[in-house]
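The block underneath contains the structure these notes are about, expressed in structure tokens.
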Amino acid sequence: MSTEIMKPTGIDLTTEETFEAHEGGKLHIGLTAPLNDKRDLSIAYTPGVAQVSRAIHTDPELAEKYTWASRLVAVVSDGTAVLGLGNIGAAASLPVMEGKSALFKRFAGLDSIPLVLETNDVDQIIETLVHLRSSFGAVNLEDISAPRCFELESRLIEALDMPVMHDDQHGTAVVVLAALKNAARVVRRELFSLKVVISGAGAAGIAVAEILLAAGIADVTLLDSRGVIHKDRRYLTDIKAAYAARSNPRGLTGGSAQALDGADVFIGVSSGTVPEETLAKMSEDAIIFALSNPDPEVHPDVAHKFAKVVATGRSDFPNQINNVLAFPGIFRGALDAGAKRITSEMKVAAADAIAAIAAEELGADYIVPSPFDERVAPAVAAAVIAAARAGMGAETERDRR
């Protein structure tokens, strides 16, 4: 194999070292109990294990204590929307899912197992995971194409009594909200007063709109490849129609030029580009998050001509919007709290925790912490636990009434 220099994130990498690092995969299973002699074997396996199995058969809740399932995350993909590669299939997606599992271990101390499925059928994926439900405690959906990902996540949440989250949607959304909270502070604006335009109405764009609305930003406008999504536009999908009814309060129509005229914030989660003359119509001290990777909708050098705060999805520019700031701590917190679902309140709490860490040294080039800041995952987990317990308390109170 030839040696080729790659610079996907400003770091010199060779093809040779990349493939060597992936040889044999990036994961392995380790032991938590000794297996050094016959006594160890009798405890860990037969005959001792039979006692544990009998106990779980009598009381299934004991599986949470005596197996790893309650601490195991299944990282699930069908390979239909992998990174910027598109629909490359299950086998080709596996290195990415192994990487995701490695991140769970590194940043949250959680074991996880990648599961790549040779089907794109939503019913079959749900049926498979329902049959496997006793084997894990949470599901991280990954790299599944829109609009199927919306239906799949929604139905899995109902079918599985455990936390389920499509990280491409909600991990991105949580970090965007955290970054936007701090960007608003930098430009001295109240979060709820911002006029936000989101370019891209796929998995990430819809989730970003959802969390911004949940955080109290009323003026959110979504754009897809045909322009502004508004309630009078024909041939909208059910998902887009739902957001047309909830967003775009000023009734904007047209394309990016009309949407960005006077806008305070541009969030790009599409593969499109935005002309400079359109960006020039934004308000003073604008905020631009150009998150497409590796090629942002607006190059940061151009964005800085029109915006005071600029963020991208890349690690070679300041303010990287990186999902790893969110998903490890969110799942850790949900599992530690014994939560059955990951709620909007938990996601907003996670965003608040991420924003609070960066707020200590806030600046135009520092609105989110580094992915390697060891404070992040514990802070996110603690915030999610608190939000989960508050939600459980509210449910208990409603039940009493």
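We label chains A, B, ... in the order they appear in the structure tokens, count residues from 1 in each chain, and number ligands from 1 in the order shown.
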
Secondary structure check, alpha helix (DSSP H) residues of region 145-325 of chain A, as a PDB file with N, CA, C and O atoms, in the first residue's frame:
ATOM      1  N   ARG A 148     -35.470   8.248   7.323  1.00  0.00           N
ATOM      2  CA  ARG A 148     -35.709   6.991   8.041  1.00  0.00           C
ATOM      3  C   ARG A 148     -35.269   7.064   9.504  1.00  0.00           C
ATOM      4  O   ARG A 148     -35.848   6.445  10.384  1.00  0.00           O
ATOM      5  N   CYS A 149     -34.207   7.844   9.756  1.00  0.00           N
ATOM      6  CA  CYS A 149     -33.680   7.911  11.113  1.00  0.00           C
ATOM      7  C   CYS A 149     -34.698   8.452  12.103  1.00  0.00           C
ATOM      8  O   CYS A 149     -34.706   8.058  13.280  1.00  0.00           O
ATOM      9  N   PHE A 150     -35.581   9.350  11.657  1.00  0.00           N
ATOM     10  CA  PHE A 150     -36.584   9.917  12.562  1.00  0.00           C
ATOM     11  C   PHE A 150     -37.580   8.851  12.998  1.00  0.00           C
ATOM     12  O   PHE A 150     -37.887   8.704  14.190  1.00  0.00           O
ATOM     13  N   GLU A 151     -38.093   8.114  12.043  1.00  0.00           N
ATOM     14  CA  GLU A 151     -39.045   7.047  12.364  1.00  0.00           C
ATOM     15  C   GLU A 151     -38.390   5.967  13.208  1.00  0.00           C
ATOM     16  O   GLU A 151     -38.975   5.494  14.190  1.00  0.00           O
ATOM     17  N   LEU A 152     -37.163   5.594  12.839  1.00  0.00           N
ATOM     18  CA  LEU A 152     -36.477   4.529  13.568  1.00  0.00           C
ATOM     19  C   LEU A 152     -36.262   4.914  15.022  1.00  0.00           C
ATOM     20  O   LEU A 152     -36.565   4.128  15.931  1.00  0.00           O
ATOM     21  N   GLU A 153     -35.751   6.099  15.268  1.00  0.00           N
ATOM     22  CA  GLU A 153     -35.514   6.512  16.649  1.00  0.00           C
ATOM     23  C   GLU A 153     -36.818   6.575  17.441  1.00  0.00           C
ATOM     24  O   GLU A 153     -36.905   6.074  18.561  1.00  0.00           O
ATOM     25  N   SER A 154     -37.827   7.193  16.850  1.00  0.00           N
ATOM     26  CA  SER A 154     -39.105   7.346  17.544  1.00  0.00           C
ATOM     27  C   SER A 154     -39.712   5.997  17.926  1.00  0.00           C
ATOM     28  O   SER A 154     -40.162   5.791  19.062  1.00  0.00           O
ATOM     29  N   ARG A 155     -39.684   5.064  16.998  1.00  0.00           N
ATOM     30  CA  ARG A 155     -40.289   3.762  17.259  1.00  0.00           C
ATOM     31  C   ARG A 155     -39.452   2.919  18.224  1.00  0.00           C
ATOM     32  O   ARG A 155     -39.998   2.169  19.039  1.00  0.00           O
ATOM     33  N   LEU A 156     -38.132   3.061  18.153  1.00  0.00           N
ATOM     34  CA  LEU A 156     -37.280   2.316  19.082  1.00  0.00           C
ATOM     35  C   LEU A 156     -37.450   2.812  20.515  1.00  0.00           C
ATOM     36  O   LEU A 156     -37.409   2.026  21.466  1.00  0.00           O
ATOM     37  N   ILE A 157     -37.613   4.111  20.670  1.00  0.00           N
ATOM     38  CA  ILE A 157     -37.847   4.660  22.014  1.00  0.00           C
ATOM     39  C   ILE A 157     -39.075   4.018  22.638  1.00  0.00           C
ATOM     40  O   ILE A 157     -39.093   3.717  23.842  1.00  0.00           O
ATOM     41  N   GLU A 158     -40.107   3.796  21.831  1.00  0.00           N
ATOM     42  CA  GLU A 158     -41.323   3.164  22.339  1.00  0.00           C
ATOM     43  C   GLU A 158     -41.147   1.664  22.544  1.00  0.00           C
ATOM     44  O   GLU A 158     -41.716   1.081  23.464  1.00  0.00           O
ATOM     45  N   ALA A 159     -40.340   1.033  21.687  1.00  0.00           N
ATOM     46  CA  ALA A 159     -40.222  -0.429  21.729  1.00  0.00           C
ATOM     47  C   ALA A 159     -39.253  -0.920  22.792  1.00  0.00           C
ATOM     48  O   ALA A 159     -39.400  -2.039  23.302  1.00  0.00           O
ATOM     49  N   ASP A 167     -27.221   9.859  17.622  1.00  0.00           N
ATOM     50  CA  ASP A 167     -26.229  10.882  17.956  1.00  0.00           C
ATOM     51  C   ASP A 167     -26.027  11.890  16.842  1.00  0.00           C
ATOM     52  O   ASP A 167     -25.739  13.064  17.102  1.00  0.00           O
ATOM     53  N   ASP A 168     -26.159  11.469  15.596  1.00  0.00           N
ATOM     54  CA  ASP A 168     -26.012  12.415  14.491  1.00  0.00           C
ATOM     55  C   ASP A 168     -27.010  13.559  14.609  1.00  0.00           C
ATOM     56  O   ASP A 168     -26.739  14.676  14.166  1.00  0.00           O
ATOM     57  N   GLN A 169     -28.163  13.262  15.196  1.00  0.00           N
ATOM     58  CA  GLN A 169     -29.138  14.321  15.442  1.00  0.00           C
ATOM     59  C   GLN A 169     -28.809  15.071  16.733  1.00  0.00           C
ATOM     60  O   GLN A 169     -28.481  16.259  16.726  1.00  0.00           O
ATOM     61  N   HIS A 170     -28.905  14.372  17.830  1.00  0.00           N
ATOM     62  CA  HIS A 170     -28.984  15.041  19.122  1.00  0.00           C
ATOM     63  C   HIS A 170     -27.630  15.396  19.719  1.00  0.00           C
ATOM     64  O   HIS A 170     -27.519  16.397  20.442  1.00  0.00           O
ATOM     65  N   GLY A 171     -26.588  14.613  19.429  1.00  0.00           N
ATOM     66  CA  GLY A 171     -25.257  15.002  19.890  1.00  0.00           C
ATOM     67  C   GLY A 171     -24.846  16.323  19.274  1.00  0.00           C
ATOM     68  O   GLY A 171     -24.372  17.240  19.959  1.00  0.00           O
ATOM     69  N   THR A 172     -25.052  16.442  17.972  1.00  0.00           N
ATOM     70  CA  THR A 172     -24.766  17.704  17.281  1.00  0.00           C
ATOM     71  C   THR A 172     -25.587  18.837  17.871  1.00  0.00           C
ATOM     72  O   THR A 172     -25.067  19.929  18.147  1.00  0.00           O
ATOM     73  N   ALA A 173     -26.874  18.589  18.078  1.00  0.00           N
ATOM     74  CA  ALA A 173     -27.766  19.641  18.573  1.00  0.00           C
ATOM     75  C   ALA A 173     -27.347  20.131  19.955  1.00  0.00           C
ATOM     76  O   ALA A 173     -27.363  21.342  20.225  1.00  0.00           O
ATOM     77  N   VAL A 174     -26.979  19.227  20.836  1.00  0.00           N
ATOM     78  CA  VAL A 174     -26.572  19.611  22.195  1.00  0.00           C
ATOM     79  C   VAL A 174     -25.351  20.517  22.156  1.00  0.00           C
ATOM     80  O   VAL A 174     -25.301  21.558  22.833  1.00  0.00           O
ATOM     81  N   VAL A 175     -24.351  20.151  21.356  1.00  0.00           N
ATOM     82  CA  VAL A 175     -23.128  20.956  21.310  1.00  0.00           C
ATOM     83  C   VAL A 175     -23.396  22.296  20.621  1.00  0.00           C
ATOM     84  O   VAL A 175     -22.840  23.330  21.016  1.00  0.00           O
ATOM     85  N   VAL A 176     -24.257  22.309  19.608  1.00  0.00           N
ATOM     86  CA  VAL A 176     -24.633  23.579  18.969  1.00  0.00           C
ATOM     87  C   VAL A 176     -25.279  24.507  19.985  1.00  0.00           C
ATOM     88  O   VAL A 176     -24.953  25.707  20.047  1.00  0.00           O
ATOM     89  N   LEU A 177     -26.201  23.995  20.783  1.00  0.00           N
ATOM     90  CA  LEU A 177     -26.856  24.843  21.787  1.00  0.00           C
ATOM     91  C   LEU A 177     -25.842  25.369  22.796  1.00  0.00           C
ATOM     92  O   LEU A 177     -25.871  26.554  23.158  1.00  0.00           O
ATOM     93  N   ALA A 178     -24.934  24.509  23.263  1.00  0.00           N
ATOM     94  CA  ALA A 178     -23.901  24.956  24.204  1.00  0.00           C
ATOM     95  C   ALA A 178     -23.072  26.080  23.596  1.00  0.00           C
ATOM     96  O   ALA A 178     -22.816  27.114  24.237  1.00  0.00           O
ATOM     97  N   ALA A 179     -22.652  25.869  22.351  1.00  0.00           N
ATOM     98  CA  ALA A 179     -21.832  26.873  21.680  1.00  0.00           C
ATOM     99  C   ALA A 179     -22.605  28.176  21.461  1.00  0.00           C
ATOM    100  O   ALA A 179     -22.055  29.278  21.622  1.00  0.00           O
ATOM    101  N   LEU A 180     -23.883  28.049  21.099  1.00  0.00           N
ATOM    102  CA  LEU A 180     -24.675  29.248  20.835  1.00  0.00           C
ATOM    103  C   LEU A 180     -24.934  30.044  22.110  1.00  0.00           C
ATOM    104  O   LEU A 180     -24.954  31.280  22.094  1.00  0.00           O
ATOM    105  N   LYS A 181     -25.124  29.356  23.228  1.00  0.00           N
ATOM    106  CA  LYS A 181     -25.290  30.055  24.506  1.00  0.00           C
ATOM    107  C   LYS A 181     -24.075  30.946  24.784  1.00  0.00           C
ATOM    108  O   LYS A 181     -24.215  32.117  25.172  1.00  0.00           O
ATOM    109  N   ASN A 182     -22.888  30.379  24.575  1.00  0.00           N
ATOM    110  CA  ASN A 182     -21.683  31.167  24.852  1.00  0.00           C
ATOM    111  C   ASN A 182     -21.411  32.210  23.778  1.00  0.00           C
ATOM    112  O   ASN A 182     -20.928  33.307  24.074  1.00  0.00           O
ATOM    113  N   ALA A 183     -21.730  31.891  22.526  1.00  0.00           N
ATOM    114  CA  ALA A 183     -21.570  32.888  21.468  1.00  0.00           C
ATOM    115  C   ALA A 183     -22.458  34.095  21.735  1.00  0.00           C
ATOM    116  O   ALA A 183     -22.054  35.249  21.503  1.00  0.00           O
ATOM    117  N   ALA A 184     -23.660  33.843  22.216  1.00  0.00           N
ATOM    118  CA  ALA A 184     -24.573  34.945  22.546  1.00  0.00           C
ATOM    119  C   ALA A 184     -23.976  35.830  23.637  1.00  0.00           C
ATOM    120  O   ALA A 184     -24.121  37.062  23.601  1.00  0.00           O
ATOM    121  N   ARG A 185     -23.314  35.211  24.594  1.00  0.00           N
ATOM    122  CA  ARG A 185     -22.665  35.998  25.650  1.00  0.00           C
ATOM    123  C   ARG A 185     -21.541  36.855  25.076  1.00  0.00           C
ATOM    124  O   ARG A 185     -21.355  38.010  25.474  1.00  0.00           O
ATOM    125  N   VAL A 186     -20.772  36.292  24.134  1.00  0.00           N
ATOM    126  CA  VAL A 186     -19.666  37.036  23.527  1.00  0.00           C
ATOM    127  C   VAL A 186     -20.184  38.275  22.804  1.00  0.00           C
ATOM    128  O   VAL A 186     -19.581  39.363  22.891  1.00  0.00           O
ATOM    129  N   ALA A 203     -31.125  15.079   9.375  1.00  0.00           N
ATOM    130  CA  ALA A 203     -31.091  14.602  10.754  1.00  0.00           C
ATOM    131  C   ALA A 203     -30.597  15.670  11.718  1.00  0.00           C
ATOM    132  O   ALA A 203     -31.248  15.973  12.729  1.00  0.00           O
ATOM    133  N   ALA A 204     -29.432  16.263  11.420  1.00  0.00           N
ATOM    134  CA  ALA A 204     -28.865  17.252  12.337  1.00  0.00           C
ATOM    135  C   ALA A 204     -29.681  18.537  12.356  1.00  0.00           C
ATOM    136  O   ALA A 204     -29.946  19.097  13.427  1.00  0.00           O
ATOM    137  N   GLY A 205     -30.104  19.013  11.185  1.00  0.00           N
ATOM    138  CA  GLY A 205     -30.830  20.270  11.123  1.00  0.00           C
ATOM    139  C   GLY A 205     -32.132  20.252  11.899  1.00  0.00           C
ATOM    140  O   GLY A 205     -32.455  21.193  12.630  1.00  0.00           O
ATOM    141  N   ILE A 206     -32.889  19.172  11.756  1.00  0.00           N
ATOM    142  CA  ILE A 206     -34.152  19.049  12.487  1.00  0.00           C
ATOM    143  C   ILE A 206     -33.905  19.011  13.984  1.00  0.00           C
ATOM    144  O   ILE A 206     -34.613  19.658  14.773  1.00  0.00           O
ATOM    145  N   ALA A 207     -32.879  18.261  14.410  1.00  0.00           N
ATOM    146  CA  ALA A 207     -32.593  18.160  15.847  1.00  0.00           C
ATOM    147  C   ALA A 207     -32.099  19.483  16.414  1.00  0.00           C
ATOM    148  O   ALA A 207     -32.439  19.844  17.548  1.00  0.00           O
ATOM    149  N   VAL A 208     -31.297  20.204  15.646  1.00  0.00           N
ATOM    150  CA  VAL A 208     -30.845  21.519  16.102  1.00  0.00           C
ATOM    151  C   VAL A 208     -32.044  22.453  16.265  1.00  0.00           C
ATOM    152  O   VAL A 208     -32.158  23.167  17.278  1.00  0.00           O
ATOM    153  N   ALA A 209     -32.946  22.445  15.294  1.00  0.00           N
ATOM    154  CA  ALA A 209     -34.150  23.265  15.420  1.00  0.00           C
ATOM    155  C   ALA A 209     -34.940  22.890  16.665  1.00  0.00           C
ATOM    156  O   ALA A 209     -35.408  23.770  17.411  1.00  0.00           O
ATOM    157  N   GLU A 210     -35.066  21.603  16.909  1.00  0.00           N
ATOM    158  CA  GLU A 210     -35.835  21.121  18.066  1.00  0.00           C
ATOM    159  C   GLU A 210     -35.245  21.628  19.380  1.00  0.00           C
ATOM    160  O   GLU A 210     -35.961  22.128  20.249  1.00  0.00           O
ATOM    161  N   ILE A 211     -33.922  21.503  19.541  1.00  0.00           N
ATOM    162  CA  ILE A 211     -33.332  21.882  20.823  1.00  0.00           C
ATOM    163  C   ILE A 211     -33.318  23.397  21.001  1.00  0.00           C
ATOM    164  O   ILE A 211     -33.463  23.901  22.116  1.00  0.00           O
ATOM    165  N   LEU A 212     -33.167  24.154  19.901  1.00  0.00           N
ATOM    166  CA  LEU A 212     -33.208  25.607  20.020  1.00  0.00           C
ATOM    167  C   LEU A 212     -34.597  26.084  20.415  1.00  0.00           C
ATOM    168  O   LEU A 212     -34.745  26.994  21.243  1.00  0.00           O
ATOM    169  N   LEU A 213     -35.618  25.466  19.838  1.00  0.00           N
ATOM    170  CA  LEU A 213     -36.987  25.806  20.238  1.00  0.00           C
ATOM    171  C   LEU A 213     -37.225  25.443  21.694  1.00  0.00           C
ATOM    172  O   LEU A 213     -37.846  26.207  22.455  1.00  0.00           O
ATOM    173  N   ALA A 214     -36.709  24.270  22.115  1.00  0.00           N
ATOM    174  CA  ALA A 214     -36.878  23.840  23.512  1.00  0.00           C
ATOM    175  C   ALA A 214     -36.153  24.771  24.470  1.00  0.00           C
ATOM    176  O   ALA A 214     -36.582  24.935  25.621  1.00  0.00           O
ATOM    177  N   ASP A 238     -43.670  14.888   6.301  1.00  0.00           N
ATOM    178  CA  ASP A 238     -44.376  15.059   7.577  1.00  0.00           C
ATOM    179  C   ASP A 238     -43.499  15.778   8.598  1.00  0.00           C
ATOM    180  O   ASP A 238     -43.972  16.651   9.339  1.00  0.00           O
ATOM    181  N   ILE A 239     -42.214  15.391   8.645  1.00  0.00           N
ATOM    182  CA  ILE A 239     -41.298  16.022   9.594  1.00  0.00           C
ATOM    183  C   ILE A 239     -41.144  17.506   9.289  1.00  0.00           C
ATOM    184  O   ILE A 239     -41.246  18.371  10.171  1.00  0.00           O
ATOM    185  N   LYS A 240     -40.930  17.847   8.032  1.00  0.00           N
ATOM    186  CA  LYS A 240     -40.755  19.256   7.659  1.00  0.00           C
ATOM    187  C   LYS A 240     -42.038  20.047   7.856  1.00  0.00           C
ATOM    188  O   LYS A 240     -42.008  21.212   8.277  1.00  0.00           O
ATOM    189  N   ALA A 241     -43.163  19.419   7.582  1.00  0.00           N
ATOM    190  CA  ALA A 241     -44.443  20.104   7.795  1.00  0.00           C
ATOM    191  C   ALA A 241     -44.649  20.432   9.262  1.00  0.00           C
ATOM    192  O   ALA A 241     -45.159  21.503   9.618  1.00  0.00           O
ATOM    193  N   ALA A 242     -44.244  19.512  10.132  1.00  0.00           N
ATOM    194  CA  ALA A 242     -44.378  19.741  11.570  1.00  0.00           C
ATOM    195  C   ALA A 242     -43.537  20.943  12.007  1.00  0.00           C
ATOM    196  O   ALA A 242     -43.980  21.776  12.817  1.00  0.00           O
ATOM    197  N   TYR A 243     -42.343  21.068  11.460  1.00  0.00           N
ATOM    198  CA  TYR A 243     -41.493  22.200  11.829  1.00  0.00           C
ATOM    199  C   TYR A 243     -41.916  23.482  11.134  1.00  0.00           C
ATOM    200  O   TYR A 243     -41.693  24.584  11.668  1.00  0.00           O
ATOM    201  N   ALA A 244     -42.534  23.378   9.985  1.00  0.00           N
ATOM    202  CA  ALA A 244     -43.084  24.571   9.341  1.00  0.00           C
ATOM    203  C   ALA A 244     -44.144  25.213  10.227  1.00  0.00           C
ATOM    204  O   ALA A 244     -44.284  26.445  10.261  1.00  0.00           O
ATOM    205  N   ALA A 245     -44.873  24.377  10.940  1.00  0.00           N
ATOM    206  CA  ALA A 245     -45.925  24.886  11.829  1.00  0.00           C
ATOM    207  C   ALA A 245     -45.357  25.472  13.120  1.00  0.00           C
ATOM    208  O   ALA A 245     -45.996  26.311  13.755  1.00  0.00           O
ATOM    209  N   ARG A 246     -44.154  25.037  13.499  1.00  0.00           N
ATOM    210  CA  ARG A 246     -43.595  25.446  14.800  1.00  0.00           C
ATOM    211  C   ARG A 246     -42.513  26.516  14.679  1.00  0.00           C
ATOM    212  O   ARG A 246     -42.151  27.140  15.683  1.00  0.00           O
ATOM    213  N   SER A 256     -31.798  31.371   0.756  1.00  0.00           N
ATOM    214  CA  SER A 256     -30.881  31.790   1.812  1.00  0.00           C
ATOM    215  C   SER A 256     -30.746  33.313   1.868  1.00  0.00           C
ATOM    216  O   SER A 256     -30.585  33.883   2.958  1.00  0.00           O
ATOM    217  N   ALA A 257     -30.818  33.986   0.726  1.00  0.00           N
ATOM    218  CA  ALA A 257     -30.690  35.448   0.722  1.00  0.00           C
ATOM    219  C   ALA A 257     -31.801  36.104   1.530  1.00  0.00           C
ATOM    220  O   ALA A 257     -31.566  37.037   2.308  1.00  0.00           O
ATOM    221  N   GLN A 258     -33.022  35.604   1.362  1.00  0.00           N
ATOM    222  CA  GLN A 258     -34.157  36.161   2.108  1.00  0.00           C
ATOM    223  C   GLN A 258     -34.078  35.769   3.592  1.00  0.00           C
ATOM    224  O   GLN A 258     -34.360  36.580   4.478  1.00  0.00           O
ATOM    225  N   ALA A 259     -33.683  34.534   3.865  1.00  0.00           N
ATOM    226  CA  ALA A 259     -33.644  34.057   5.243  1.00  0.00           C
ATOM    227  C   ALA A 259     -32.566  34.764   6.052  1.00  0.00           C
ATOM    228  O   ALA A 259     -32.763  35.078   7.235  1.00  0.00           O
ATOM    229  N   LEU A 260     -31.401  35.033   5.438  1.00  0.00           N
ATOM    230  CA  LEU A 260     -30.275  35.609   6.174  1.00  0.00           C
ATOM    231  C   LEU A 260     -30.317  37.126   6.251  1.00  0.00           C
ATOM    232  O   LEU A 260     -29.503  37.727   6.956  1.00  0.00           O
ATOM    233  N   GLU A 276     -20.873  35.172  -0.344  1.00  0.00           N
ATOM    234  CA  GLU A 276     -20.476  36.259   0.556  1.00  0.00           C
ATOM    235  C   GLU A 276     -21.522  37.365   0.584  1.00  0.00           C
ATOM    236  O   GLU A 276     -21.803  37.942   1.638  1.00  0.00           O
ATOM    237  N   GLU A 277     -22.099  37.672  -0.565  1.00  0.00           N
ATOM    238  CA  GLU A 277     -23.073  38.771  -0.591  1.00  0.00           C
ATOM    239  C   GLU A 277     -24.308  38.462   0.254  1.00  0.00           C
ATOM    240  O   GLU A 277     -24.977  39.374   0.747  1.00  0.00           O
ATOM    241  N   THR A 278     -24.601  37.175   0.414  1.00  0.00           N
ATOM    242  CA  THR A 278     -25.722  36.782   1.271  1.00  0.00           C
ATOM    243  C   THR A 278     -25.359  36.945   2.733  1.00  0.00           C
ATOM    244  O   THR A 278     -26.156  37.441   3.543  1.00  0.00           O
ATOM    245  N   LEU A 279     -24.144  36.549   3.101  1.00  0.00           N
ATOM    246  CA  LEU A 279     -23.686  36.697   4.486  1.00  0.00           C
ATOM    247  C   LEU A 279     -23.609  38.169   4.882  1.00  0.00           C
ATOM    248  O   LEU A 279     -23.824  38.521   6.046  1.00  0.00           O
ATOM    249  N   PRO A 300     -13.908  29.552   7.256  1.00  0.00           N
ATOM    250  CA  PRO A 300     -13.801  30.452   8.415  1.00  0.00           C
ATOM    251  C   PRO A 300     -13.178  31.805   8.094  1.00  0.00           C
ATOM    252  O   PRO A 300     -13.590  32.822   8.670  1.00  0.00           O
ATOM    253  N   ASP A 301     -12.200  31.835   7.187  1.00  0.00           N
ATOM    254  CA  ASP A 301     -11.596  33.120   6.832  1.00  0.00           C
ATOM    255  C   ASP A 301     -12.612  34.063   6.217  1.00  0.00           C
ATOM    256  O   ASP A 301     -12.589  35.281   6.458  1.00  0.00           O
ATOM    257  N   VAL A 302     -13.519  33.512   5.424  1.00  0.00           N
ATOM    258  CA  VAL A 302     -14.594  34.313   4.833  1.00  0.00           C
ATOM    259  C   VAL A 302     -15.626  34.669   5.900  1.00  0.00           C
ATOM    260  O   VAL A 302     -16.089  35.824   5.983  1.00  0.00           O
ATOM    261  N   ALA A 303     -15.984  33.707   6.710  1.00  0.00           N
ATOM    262  CA  ALA A 303     -17.007  33.934   7.736  1.00  0.00           C
ATOM    263  C   ALA A 303     -16.617  35.070   8.674  1.00  0.00           C
ATOM    264  O   ALA A 303     -17.470  35.857   9.109  1.00  0.00           O
TER     265      ALA A 303
END

Quick one: residues within 7 Å of Lys195 (chain A), only C-alpha atoms, excluding same-chain residues fewer than 4 positions away - as a PDB file with C-alpha atoms, in the first residue's frame?
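Done, and the output landed in part_6.pdb:
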ATOM      1  CA  ASP A 219     -37.261  32.823  15.714  1.00  0.00           C
ATOM      2  CA  VAL A 220     -35.825  29.724  14.023  1.00  0.00           C
ATOM      3  CA  ALA A 263     -30.419  37.192  10.745  1.00  0.00           C
ATOM      4  CA  ASP A 264     -28.171  37.001  13.801  1.00  0.00           C
ATOM      5  CA  VAL A 265     -27.106  33.374  13.478  1.00  0.00           C
TER       6      VAL A 265
END

Which of A:Val49, A:Ala201, A:Leu85, A:Ile125 sits closest to Thr221 (chain A) [using only C-alpha atoms]: A:Ala201

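The closest residue to Gly216 (chain A), picked from A:Arg234, A:Val309, A:Ser193, A:Asp40 and counting only C-alpha atoms, is A:Ser193.
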
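The gap separating CA of Gly79 (chain A) from CA of Met162 (chain A) is 22.9 Å, in Å to one decimal.
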
Among the residues A:Leu103, A:Ile342, A:Ala290, A:Val130, the one that comes closest to Phe317 (chain A) [using only C-alpha atoms]: A:Ala290
